[in-house]
Structures are given as structure tokens and as C-alpha cells.
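Student: File run-v8.cif follows (mmCIF, C-alpha atoms):
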data_coords
#
loop_
_atom_site.group_PDB
_atom_site.id
_atom_site.type_symbol
_atom_site.label_atom_id
_atom_site.label_comp_id
_atom_site.auth_asym_id
_atom_site.auth_seq_id
_atom_site.Cartn_x
_atom_site.Cartn_y
_atom_site.Cartn_z
ATOM 1 C CA MET Z 1 -65.094 -11.901 -49.127
ATOM 2 C CA ASN Z 2 -65.391 -9.161 -51.673
ATOM 3 C CA PRO Z 3 -68.147 -9.225 -54.306
ATOM 4 C CA GLU Z 4 -65.827 -10.621 -56.983
ATOM 5 C CA GLN Z 5 -64.991 -13.655 -54.849
ATOM 6 C CA ILE Z 6 -68.637 -14.240 -53.998
ATOM 7 C CA LEU Z 7 -69.561 -14.090 -57.675
ATOM 8 C CA PHE Z 8 -66.667 -16.390 -58.609
ATOM 9 C CA PHE Z 9 -67.722 -19.060 -56.128
ATOM 10 C CA LEU Z 10 -71.377 -18.655 -57.128
ATOM 11 C CA PHE Z 11 -70.716 -19.032 -60.858
ATOM 12 C CA GLY Z 12 -68.125 -21.752 -60.250
ATOM 13 C CA ALA Z 13 -70.506 -23.776 -58.088
ATOM 14 C CA VAL Z 14 -73.349 -23.371 -60.607
ATOM 15 C CA SER Z 15 -71.156 -24.478 -63.501
ATOM 16 C CA LEU Z 16 -69.840 -27.499 -61.575
ATOM 17 C CA ILE Z 17 -73.335 -28.554 -60.472
ATOM 18 C CA GLY Z 18 -74.608 -28.087 -64.033
ATOM 19 C CA ALA Z 19 -71.749 -30.174 -65.393
ATOM 20 C CA ILE Z 20 -72.411 -32.988 -62.919
ATOM 21 C CA ALA Z 21 -76.108 -32.821 -63.815
ATOM 22 C CA VAL Z 22 -75.196 -33.189 -67.511
ATOM 23 C CA ILE Z 23 -73.553 -36.552 -66.905
ATOM 24 C CA SER Z 24 -76.034 -37.853 -64.325
ATOM 25 C CA PHE Z 25 -79.490 -37.186 -65.841
ATOM 26 C CA ARG Z 26 -80.856 -40.141 -67.769
ATOM 27 C CA HIS Z 27 -82.951 -38.135 -70.204
ATOM 28 C CA PRO Z 28 -80.877 -36.265 -72.843
ATOM 29 C CA ILE Z 29 -83.211 -33.233 -72.735
ATOM 30 C CA TYR Z 30 -82.430 -32.641 -69.047
ATOM 31 C CA SER Z 31 -78.729 -33.020 -69.792
ATOM 32 C CA ALA Z 32 -78.975 -30.428 -72.568
ATOM 33 C CA LEU Z 33 -80.793 -27.955 -70.306
ATOM 34 C CA SER Z 34 -78.179 -28.481 -67.558
ATOM 35 C CA LEU Z 35 -75.485 -27.809 -70.136
ATOM 36 C CA ILE Z 36 -77.162 -24.468 -70.942
ATOM 37 C CA VAL Z 37 -77.008 -23.566 -67.231
ATOM 38 C CA THR Z 38 -73.290 -24.429 -67.220
ATOM 39 C CA PHE Z 39 -72.671 -22.282 -70.291
ATOM 40 C CA PHE Z 40 -74.440 -19.292 -68.725
ATOM 41 C CA ALA Z 41 -72.424 -19.668 -65.523
ATOM 42 C CA GLN Z 42 -69.247 -19.760 -67.588
ATOM 43 C CA ALA Z 43 -70.329 -16.614 -69.407
ATOM 44 C CA GLY Z 44 -70.577 -15.020 -65.968
ATOM 45 C CA LEU Z 45 -67.038 -16.170 -65.192
ATOM 46 C CA PHE Z 46 -65.842 -14.657 -68.473
ATOM 47 C CA ILE Z 47 -67.407 -11.332 -67.482
ATOM 48 C CA LEU Z 48 -65.621 -11.568 -64.117
ATOM 49 C CA LEU Z 49 -62.390 -12.029 -66.065
ATOM 50 C CA GLY Z 50 -63.119 -8.897 -68.082
ATOM 51 C CA ALA Z 51 -63.725 -10.809 -71.321
ATOM 52 C CA HIS Z 52 -67.059 -9.254 -72.225
ATOM 53 C CA PHE Z 53 -66.924 -10.092 -75.909
ATOM 54 C CA VAL Z 54 -66.148 -13.754 -75.224
ATOM 55 C CA ALA Z 55 -69.002 -13.858 -72.711
ATOM 56 C CA ALA Z 56 -71.435 -12.495 -75.296
ATOM 57 C CA VAL Z 57 -70.214 -14.961 -77.923
ATOM 58 C CA GLN Z 58 -70.486 -17.764 -75.362
ATOM 59 C CA VAL Z 59 -74.162 -16.970 -74.770
ATOM 60 C CA ILE Z 60 -74.997 -16.432 -78.433
ATOM 61 C CA VAL Z 61 -73.039 -19.293 -80.008
ATOM 62 C CA TYR Z 62 -72.930 -21.955 -77.277
ATOM 63 C CA ALA Z 63 -76.049 -21.398 -75.211
ATOM 64 C CA GLY Z 64 -77.936 -20.225 -78.298
ATOM 65 C CA ALA Z 65 -76.950 -21.869 -81.549
ATOM 66 C CA ILE Z 66 -75.206 -25.064 -80.463
ATOM 67 C CA MET Z 67 -77.724 -26.008 -77.784
ATOM 68 C CA VAL Z 68 -80.635 -25.358 -80.149
ATOM 69 C CA LEU Z 69 -78.963 -27.831 -82.496
ATOM 70 C CA PHE Z 70 -78.650 -30.389 -79.683
ATOM 71 C CA LEU Z 71 -82.256 -29.958 -78.572
ATOM 72 C CA PHE Z 72 -83.465 -30.104 -82.175
ATOM 73 C CA VAL Z 73 -81.685 -33.417 -82.792
ATOM 74 C CA ILE Z 74 -82.891 -34.898 -79.467
ATOM 75 C CA MET Z 75 -86.462 -33.980 -80.330
ATOM 76 C CA LEU Z 76 -86.102 -35.031 -83.972
ATOM 77 C CA LEU Z 77 -84.906 -38.514 -83.007
ATOM 78 C CA ASN Z 78 -87.403 -38.697 -80.109
ATOM 79 C CA LEU Z 79 -84.682 -40.170 -77.914
ATOM 80 C CA GLY Z 80 -86.407 -39.986 -74.565
ATOM 81 C CA THR Z 81 -88.480 -43.068 -75.211
ATOM 82 C CA LEU Z 82 -85.711 -45.496 -76.046
ATOM 83 C CA SER Z 83 -82.585 -44.484 -74.168
ATOM 84 C CA ALA Z 84 -83.441 -46.253 -70.937
ATOM 85 C CA LYS Z 85 -79.986 -47.723 -70.464
ATOM 86 C CA GLY Z 86 -77.821 -44.693 -70.933
ATOM 87 C CA ALA Z 87 -74.812 -45.516 -68.798
ATOM 88 C CA ILE Z 88 -72.376 -48.276 -68.072
ATOM 89 C CA THR Z 89 -72.653 -50.014 -64.709
ATOM 90 C CA GLY Z 90 -70.742 -52.090 -62.209
ATOM 91 C CA LYS Z 91 -66.981 -52.490 -62.261
ATOM 92 C CA LEU Z 92 -66.487 -50.452 -65.427
ATOM 93 C CA LYS Z 93 -68.262 -47.469 -63.902
ATOM 94 C CA GLY Z 94 -66.165 -47.673 -60.726
ATOM 95 C CA PHE Z 95 -63.036 -47.856 -62.853
ATOM 96 C CA ALA Z 96 -64.109 -44.786 -64.863
ATOM 97 C CA VAL Z 97 -64.863 -42.811 -61.704
ATOM 98 C CA ILE Z 98 -61.484 -43.753 -60.158
ATOM 99 C CA LEU Z 99 -59.719 -42.658 -63.349
ATOM 100 C CA GLY Z 100 -61.686 -39.400 -63.247
ATOM 101 C CA ILE Z 101 -60.703 -38.727 -59.630
ATOM 102 C CA LEU Z 102 -57.057 -39.388 -60.515
ATOM 103 C CA LEU Z 103 -57.306 -36.968 -63.450
ATOM 104 C CA ALA Z 104 -58.937 -34.325 -61.238
ATOM 105 C CA VAL Z 105 -56.163 -34.656 -58.638
ATOM 106 C CA GLU Z 106 -53.537 -34.334 -61.358
ATOM 107 C CA GLY Z 107 -55.238 -31.311 -62.888
ATOM 108 C CA VAL Z 108 -55.627 -29.525 -59.555
ATOM 109 C CA TYR Z 109 -52.027 -30.342 -58.632
ATOM 110 C CA ILE Z 110 -50.736 -28.895 -61.908
ATOM 111 C CA ALA Z 111 -52.974 -25.833 -61.599
ATOM 112 C CA VAL Z 112 -51.734 -25.087 -58.074
ATOM 113 C CA LYS Z 113 -48.099 -26.174 -58.273
ATOM 114 C CA GLY Z 114 -47.448 -25.217 -61.881
ATOM 115 C CA THR Z 115 -48.223 -21.558 -61.248
ATOM 116 C CA LYS Z 116 -45.302 -20.366 -59.156
ATOM 117 C CA PRO Z 117 -45.813 -16.972 -57.552
ATOM 118 C CA GLY Z 118 -43.398 -14.339 -58.757
ATOM 119 C CA ASP Z 119 -43.147 -15.774 -62.247
ATOM 120 C CA PRO Z 120 -44.326 -12.922 -64.477
ATOM 121 C CA ALA Z 121 -46.045 -15.347 -66.817
ATOM 122 C CA VAL Z 122 -48.319 -16.591 -64.060
ATOM 123 C CA ALA Z 123 -48.919 -13.449 -62.052
ATOM 124 C CA SER Z 124 -52.287 -13.612 -60.350
ATOM 125 C CA ALA Z 125 -55.234 -12.347 -62.322
ATOM 126 C CA GLU Z 126 -55.822 -9.754 -59.645
ATOM 127 C CA THR Z 127 -52.540 -7.993 -60.265
ATOM 128 C CA ALA Z 128 -53.093 -7.681 -64.012
ATOM 129 C CA THR Z 129 -53.455 -4.024 -64.744
ATOM 130 C CA GLU Z 130 -56.860 -2.852 -65.818
ATOM 131 C CA SER Z 131 -55.317 -0.563 -68.393
ATOM 132 C CA VAL Z 132 -54.285 -3.523 -70.540
ATOM 133 C CA ASN Z 133 -56.522 -3.768 -73.555
ATOM 134 C CA THR Z 134 -58.641 -6.873 -73.597
ATOM 135 C CA THR Z 135 -61.586 -5.062 -75.066
ATOM 136 C CA THR Z 136 -63.575 -5.985 -78.139
ATOM 137 C CA TYR Z 137 -61.551 -3.407 -80.041
ATOM 138 C CA SER Z 138 -58.218 -5.062 -79.282
ATOM 139 C CA ILE Z 139 -59.625 -8.545 -79.987
ATOM 140 C CA GLY Z 140 -60.808 -7.338 -83.388
ATOM 141 C CA GLU Z 141 -57.458 -5.760 -84.080
ATOM 142 C CA LEU Z 142 -55.631 -8.996 -83.231
ATOM 143 C CA LEU Z 143 -58.123 -11.120 -85.151
ATOM 144 C CA PHE Z 144 -57.849 -9.174 -88.404
ATOM 145 C CA ASP Z 145 -54.155 -8.384 -88.168
ATOM 146 C CA GLU Z 146 -51.938 -10.869 -86.363
ATOM 147 C CA TYR Z 147 -54.293 -13.839 -86.602
ATOM 148 C CA LEU Z 148 -55.663 -13.144 -90.072
ATOM 149 C CA LEU Z 149 -54.516 -16.459 -91.565
ATOM 150 C CA PRO Z 150 -56.005 -18.620 -88.757
ATOM 151 C CA PHE Z 151 -59.178 -16.568 -89.072
ATOM 152 C CA GLU Z 152 -59.463 -17.368 -92.770
ATOM 153 C CA VAL Z 153 -58.675 -21.041 -92.102
ATOM 154 C CA THR Z 154 -61.529 -21.030 -89.584
ATOM 155 C CA SER Z 155 -63.896 -19.862 -92.292
ATOM 156 C CA LEU Z 156 -62.669 -22.765 -94.458
ATOM 157 C CA ILE Z 157 -63.406 -25.183 -91.577
ATOM 158 C CA LEU Z 158 -66.950 -23.823 -91.319
ATOM 159 C CA LEU Z 159 -67.413 -24.148 -95.092
ATOM 160 C CA ALA Z 160 -66.115 -27.736 -95.007
ATOM 161 C CA ALA Z 161 -68.467 -28.535 -92.126
ATOM 162 C CA LEU Z 162 -71.393 -27.019 -94.039
ATOM 163 C CA ILE Z 163 -70.692 -29.078 -97.149
ATOM 164 C CA GLY Z 164 -70.004 -32.192 -95.087
ATOM 165 C CA VAL Z 165 -73.311 -31.967 -93.255
ATOM 166 C CA ILE Z 166 -75.235 -31.432 -96.508
ATOM 167 C CA VAL Z 167 -73.550 -34.470 -98.086
ATOM 168 C CA LEU Z 168 -74.163 -36.640 -95.014
ATOM 169 C CA VAL Z 169 -77.848 -35.870 -94.828
ATOM 170 C CA LYS Z 170 -78.498 -35.773 -98.573
ATOM 171 C CA ARG Z 171 -77.164 -39.281 -99.174
ATOM 172 C CA GLU Z 172 -79.652 -40.603 -96.649
ATOM 173 C CA THR Z 173 -82.670 -39.059 -98.315
ATOM 174 C CA GLN Z 174 -81.605 -40.352 -101.745
ATOM 175 C CA GLU Z 175 -81.347 -43.902 -100.407
ATOM 176 C CA GLU Z 176 -84.797 -43.639 -98.902
ATOM 177 C CA ASN Z 177 -86.195 -42.506 -102.228
ATOM 178 C CA MET Q 1 -59.269 -13.731 -57.886
ATOM 179 C CA PRO Q 2 -55.939 -15.566 -58.195
ATOM 180 C CA LEU Q 3 -55.287 -17.416 -61.415
ATOM 181 C CA GLU Q 4 -55.118 -20.774 -59.607
ATOM 182 C CA TYR Q 5 -58.801 -20.679 -58.686
ATOM 183 C CA TYR Q 6 -59.815 -20.418 -62.325
ATOM 184 C CA LEU Q 7 -57.367 -23.140 -63.371
ATOM 185 C CA VAL Q 8 -58.632 -25.504 -60.668
ATOM 186 C CA LEU Q 9 -62.228 -24.871 -61.731
ATOM 187 C CA SER Q 10 -61.214 -25.472 -65.347
ATOM 188 C CA ALA Q 11 -59.487 -28.755 -64.403
ATOM 189 C CA LEU Q 12 -62.565 -29.933 -62.477
ATOM 190 C CA LEU Q 13 -64.911 -29.107 -65.378
ATOM 191 C CA PHE Q 14 -62.594 -30.907 -67.797
ATOM 192 C CA THR Q 15 -62.536 -33.964 -65.523
ATOM 193 C CA ILE Q 16 -66.321 -34.045 -65.333
ATOM 194 C CA GLY Q 17 -66.368 -34.021 -69.133
ATOM 195 C CA VAL Q 18 -63.882 -36.907 -69.308
ATOM 196 C CA VAL Q 19 -65.861 -38.960 -66.766
ATOM 197 C CA GLY Q 20 -69.016 -38.270 -68.753
ATOM 198 C CA VAL Q 21 -67.431 -39.579 -71.950
ATOM 199 C CA LEU Q 22 -66.245 -42.699 -70.091
ATOM 200 C CA VAL Q 23 -69.490 -43.396 -68.237
ATOM 201 C CA ARG Q 24 -72.320 -42.463 -70.588
ATOM 202 C CA ARG Q 25 -73.184 -44.569 -73.642
ATOM 203 C CA ASN Q 26 -75.598 -42.148 -75.299
ATOM 204 C CA ALA Q 27 -73.811 -40.554 -78.267
ATOM 205 C CA ILE Q 28 -75.537 -37.185 -77.816
ATOM 206 C CA ILE Q 29 -74.539 -36.949 -74.142
ATOM 207 C CA ILE Q 30 -70.975 -37.906 -75.094
ATOM 208 C CA PHE Q 31 -71.033 -34.941 -77.478
ATOM 209 C CA MET Q 32 -72.251 -32.664 -74.700
ATOM 210 C CA CYS Q 33 -69.359 -33.846 -72.528
ATOM 211 C CA ILE Q 34 -66.935 -32.972 -75.320
ATOM 212 C CA GLU Q 35 -68.468 -29.476 -75.322
ATOM 213 C CA LEU Q 36 -67.883 -29.345 -71.559
ATOM 214 C CA MET Q 37 -64.206 -30.147 -72.081
ATOM 215 C CA LEU Q 38 -63.845 -27.509 -74.791
ATOM 216 C CA ASN Q 39 -65.463 -24.989 -72.454
ATOM 217 C CA ALA Q 40 -63.071 -25.883 -69.652
ATOM 218 C CA ALA Q 41 -60.193 -25.223 -72.042
ATOM 219 C CA ASN Q 42 -61.798 -21.892 -72.988
ATOM 220 C CA LEU Q 43 -61.999 -20.915 -69.327
ATOM 221 C CA ALA Q 44 -58.292 -21.647 -68.855
ATOM 222 C CA PHE Q 45 -57.520 -19.645 -72.030
ATOM 223 C CA VAL Q 46 -59.417 -16.587 -70.821
ATOM 224 C CA ALA Q 47 -58.028 -16.783 -67.267
ATOM 225 C CA ILE Q 48 -54.430 -16.980 -68.478
ATOM 226 C CA SER Q 49 -55.107 -14.286 -71.083
ATOM 227 C CA ARG Q 50 -56.282 -12.008 -68.303
ATOM 228 C CA SER Q 51 -53.341 -12.946 -66.111
ATOM 229 C CA LEU Q 52 -50.864 -12.162 -68.905
ATOM 230 C CA GLY Q 53 -52.752 -8.983 -69.744
ATOM 231 C CA GLU Q 54 -53.134 -9.596 -73.469
ATOM 232 C CA ALA Q 55 -56.035 -10.499 -75.704
ATOM 233 C CA SER Q 56 -54.476 -13.344 -77.711
ATOM 234 C CA GLY Q 57 -56.039 -15.976 -75.467
ATOM 235 C CA GLN Q 58 -59.488 -14.580 -76.155
ATOM 236 C CA VAL Q 59 -58.829 -14.740 -79.906
ATOM 237 C CA PHE Q 60 -58.073 -18.455 -79.504
ATOM 238 C CA VAL Q 61 -61.319 -18.884 -77.594
ATOM 239 C CA ILE Q 62 -63.129 -17.530 -80.666
ATOM 240 C CA PHE Q 63 -61.316 -20.103 -82.814
ATOM 241 C CA VAL Q 64 -62.184 -22.921 -80.388
ATOM 242 C CA MET Q 65 -65.843 -21.888 -80.528
ATOM 243 C CA ALA Q 66 -65.833 -21.919 -84.341
ATOM 244 C CA VAL Q 67 -64.268 -25.385 -84.387
ATOM 245 C CA ALA Q 68 -66.742 -26.586 -81.757
ATOM 246 C CA ALA Q 69 -69.667 -25.330 -83.827
ATOM 247 C CA ALA Q 70 -68.381 -27.155 -86.915
ATOM 248 C CA GLU Q 71 -67.741 -30.309 -84.875
ATOM 249 C CA VAL Q 72 -71.213 -30.303 -83.359
ATOM 250 C CA ALA Q 73 -72.887 -29.805 -86.742
ATOM 251 C CA ILE Q 74 -71.011 -32.720 -88.326
ATOM 252 C CA GLY Q 75 -71.308 -34.940 -85.248
ATOM 253 C CA LEU Q 76 -75.056 -34.466 -84.991
ATOM 254 C CA ALA Q 77 -75.431 -35.132 -88.739
ATOM 255 C CA ILE Q 78 -73.524 -38.395 -88.249
ATOM 256 C CA ILE Q 79 -75.715 -39.266 -85.252
ATOM 257 C CA VAL Q 80 -78.866 -38.609 -87.284
ATOM 258 C CA SER Q 81 -77.696 -40.816 -90.153
ATOM 259 C CA VAL Q 82 -76.543 -43.582 -87.777
ATOM 260 C CA PHE Q 83 -79.938 -43.428 -86.077
ATOM 261 C CA LYS Q 84 -81.703 -43.753 -89.424
ATOM 262 C CA HIS Q 85 -79.707 -46.908 -90.159
ATOM 263 C CA GLN Q 86 -79.711 -48.636 -86.780
ATOM 264 C CA GLN Q 87 -82.520 -47.027 -84.711
ATOM 265 C CA THR Q 88 -80.095 -46.566 -81.800
ATOM 266 C CA ILE Q 89 -77.386 -44.145 -80.732
ATOM 267 C CA ASN Q 90 -75.996 -46.295 -77.939
ATOM 268 C CA VAL Q 91 -72.292 -46.362 -78.779
ATOM 269 C CA ASP Q 92 -71.963 -49.950 -77.523
ATOM 270 C CA GLU Q 93 -74.513 -51.156 -80.057
ATOM 271 C CA VAL Q 94 -73.213 -49.086 -82.962
ATOM 272 C CA ASN Q 95 -70.208 -51.260 -83.724
ATOM 273 C CA SER Q 96 -70.186 -51.904 -87.474
ATOM 274 C CA LEU Q 97 -68.481 -49.610 -89.953
ATOM 275 C CA LYS Q 98 -70.671 -50.711 -92.839
ATOM 276 C CA GLY Q 99 -74.240 -50.122 -91.787
#
Can you turn what I pasted into C-alpha cells?
Tutor:
Amino acid sequence: MNPEQILFFLFGAVSLIGAIAVISFRHPIYSALSLIVTFFAQAGLFILLGAHFVAAVQVIVYAGAIMVLFLFVIMLLNLGTLSAKGAITGKLKGFAVILGILLAVEGVYIAVKGTKPGDPAVASAETATESVNTTTYSIGELLFDEYLLPFEVTSLILLAALIGVIVLVKRETQEEN
Amino acid sequence: MPLEYYLVLSALLFTIGVVGVLVRRNAIIIFMCIELMLNAANLAFVAISRSLGEASGQVFVIFVMAVAAAEVAIGLAIIVSVFKHQQTINVDEVNSLKG
């Protein structure tokens, strides 16, 4: 086992355990903290894949901004005291788990069988040449050149979300007054 | 590492997210599971981007993150306003459109 493989299995195991912890803890705060662990492990995987910029954005945006929002809302609503029954039980739960196992088998089957060796489109990540530019520079170049229109549309989405959130919360306070 | 390892990991993370959405009834945890699924998709994007040797996949990851941020902001605002109306965020109890 070379160091890359060891790191892959380490980060992969941590992200899987974190993900399972997210859906099994009863208290939302513990779930949120487990989710942060998963996000950090995935940032490590991104670094292994040579995507340093994406890894940095993952830590800053996901593990930073989004999770702060989650934790803020959990603490604002003081959810820990009232969410005693947080999960379905009995037959429904068994059904959901069976469906999940089926989906996992399908996904793994597609991931293994769908990537035929020799197909240039699915050459193993190991054989990808290091000289290929996946640096921050080339991402920026793509983002502001080839994907300029989607980039601008993304800014519109963020603006719409901003206005939507203000409207949603403002209406509430007016009704209370 | 071969591409398949990353794709299998991505599929497993996505499945955990789906099971979480099916099993949990707390709206905030359902949102976290949606984030898990988006992250699994991001992992597949980056792995295939690396395997193809071009950066387009990573650009799409940036877009997915922007959409996820917008979605979380709006979703949590909805959760807060639902909670103000009904004092619960259990999705089985929140079943009326007109609060």
C-alpha cells in the first residue's frame, strides 16, 4: 500500500463513518458536527485528486459557511429539547433500509462495471498525466471564459435566494407585529 | 487510485444520504442528507475530472456548491418560518399548505 492508497482509505472511511453518524444521531447538533467531519474528509479526498482549489472551497463554503448556518438555525430553534422522535420505526424503516441497500448495490455495480478499462474516457485516475492543468489558474480561465454564462446565472441564483430569504423572514415579523 | 474506488465511495455516500432522507423525520437532518448527496455528486465530478485530465468537472463542482448554498439558505428560512407557525419541524406533522 502506497501512501496515496492509505490516505484514500483513511479519508474514505472517515467520510463514510461521518455520513452514517449524520443519519443515526438523534440530536441534530451531533448530526451537524458529524457532517462537518464528513466534509473535511471529502476535502482531503479532493486534495488527493489534485483539486486543491475545490478542497479549499469545500472547507470554506461547506464546512464553514453552510454548517454555521445549520448550527445557527438548530440553536435558534432550540431543537434538542423537542425532537425526541426523530426517525420512523418498524416496517417502514426496514423497507427504507432495504431500498437503500438495493440502491447501494446498483450504484457500486454501475461504478465498477460502467467503467470499462481501455476506454479513454474512463482511464484510471492514476494514469492521468500530472502535466494536465487542473490548477486554480485553469479553473479560473474556464470559469470566466467558457463557462461565463453559467457563472453569471449562478450569481442570479444567489441574488434570488438572498431576496427570497429576506421576503420569507420579513413576512413573519410583520405578522407578529 | 483507480477511478472505480472514488465512484464506489461516491455511490455509498449518496446511498447514505438517500437512506437518511427516507428514515429521518427531522427537516433539518433531511437537509443535511441532501447536502451529503450533493457532496457525493461533487466527489464523482472531481474524480472523473481528474481521470479525464481536464478542469471542467471542477468548474461544475463550484456551480453545485453555489446552488447548494442558495438551497440551504432558502430551506432553512422556510424551516424557521414553519417552526414559528407550528412549533415543530417533524415532516410528518407539517402536513398543511395553509398554516
Student: Going by the chain IDs and residue numbers used in this file, which residues fall under the PyMOL selection byres ((chain Q) within 6 of (chain Z))? Write them as a list in words.
Tutor: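 What the PyMOL selection byres ((chain Q) within 6 of (chain Z)) grabs from the file is Met1, Pro2, Leu3, Glu4, Leu7, Val8, Ala11, Leu12, Thr15, Val19, Gly20, Val23, Arg24, Arg25, Asn26, Ser51, Gly53, Ala55, Ala70, Ile74 and Ala77 of chain Q.
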Student: If you measure from atom CA of Q:Ala69 to atom CA of Z:Leu7, what distance in Å do you get, rounded to one decimal?
Tutor: 28.5 Å
Student: When you draw a straight line from atom CA of Q:Met65 to atom CA of Z:Asp145, how long is it in Å?
Tutor: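 Atom CA of Z:Asp145 lies 19.4 Å from atom CA of Q:Met65.
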Student: Rounded to one decimal, what separation in Å do you get between atom CA of Z:Ala63 and atom CA of Q:Phe31?
Tutor: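 We find that atom CA of Z:Ala63 and atom CA of Q:Phe31 lie 14.6 Å from each other.
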Student: Taking all atoms of stretch 78-95 of chain Q that the file lists and extending 6 Å past them on each side, where is the centre of the axis-aligned box and how long are its edges? Answer in Å to one decimal, as JSON.
Tutor:
{"center_x": -76.4, "center_y": -44.8, "center_z": -83.8, "size_x": 24.3, "size_y": 24.9, "size_z": 24.6}
Student: So that I can see what lies close to Q:Leu13, please list as a PyMOL selection string the residues with an atom at most 7 Å from it, counting all atoms listed in the file and leaving out residues fewer than 4 positions away in the same chain.
Tutor: (chain Z and resi 16+19) or (chain Q and resi 9+17+36-37+40)
Student: Could you tell me which residues the PyMOL selection byres ((chain Q and resi 87) around 12) returns for this structure, as a list in words?
Tutor: Leu77, Asn78, Leu79, Thr81, Leu82 and Ser83 of chain Z; Ile79, Val80, Ser81, Val82, Phe83, Lys84, His85, Gln86, Thr88, Ile89, Asn90, Val91, Glu93, Val94 and Gly99 of chain Q
Student: Can you pull out every residue within 8 Å of Q:Gly57, counting only C-alpha atoms, but drop anything in the same chain fewer than 2 positions away, and send it as a PyMOL selection string?
Tutor: chain Q and resi 45-46+48-49+54-55+59-61
Student: For those residues, write C-alpha atoms to a file as a short mmCIF file (atom, residue, chain, number, x, y, z; two decimals), in the coordinates of the input.
Tutor:
data_model
loop_
_atom_site.label_atom_id
_atom_site.label_comp_id
_atom_site.auth_asym_id
_atom_site.auth_seq_id
_atom_site.Cartn_x
_atom_site.Cartn_y
_atom_site.Cartn_z
CA PHE Q 45 -57.52 -19.64 -72.03
CA VAL Q 46 -59.42 -16.59 -70.82
CA ILE Q 48 -54.43 -16.98 -68.48
CA SER Q 49 -55.11 -14.29 -71.08
CA GLU Q 54 -53.13 -9.60 -73.47
CA ALA Q 55 -56.04 -10.50 -75.70
CA VAL Q 59 -58.83 -14.74 -79.91
CA PHE Q 60 -58.07 -18.45 -79.50
CA VAL Q 61 -61.32 -18.88 -77.59
#
Student: Measuring between all atoms listed in the file, which one of Q:Ser10, Q:Glu71, Q:Ile62, Q:Ala47 shows the shortest distance to Q:Ile34?
Tutor: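 Of the candidates, the smallest distance to Q:Ile34 is held by Q:Glu71.
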Student: Considering only C-alpha atoms, state which residue in the set Q:Tyr6, Q:Ile78, Q:Val72, Q:Val18 is at the smallest distance from Q:Arg50.
Tutor: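 Among the listed residues, the smallest separation from Q:Arg50 belongs to Q:Tyr6.
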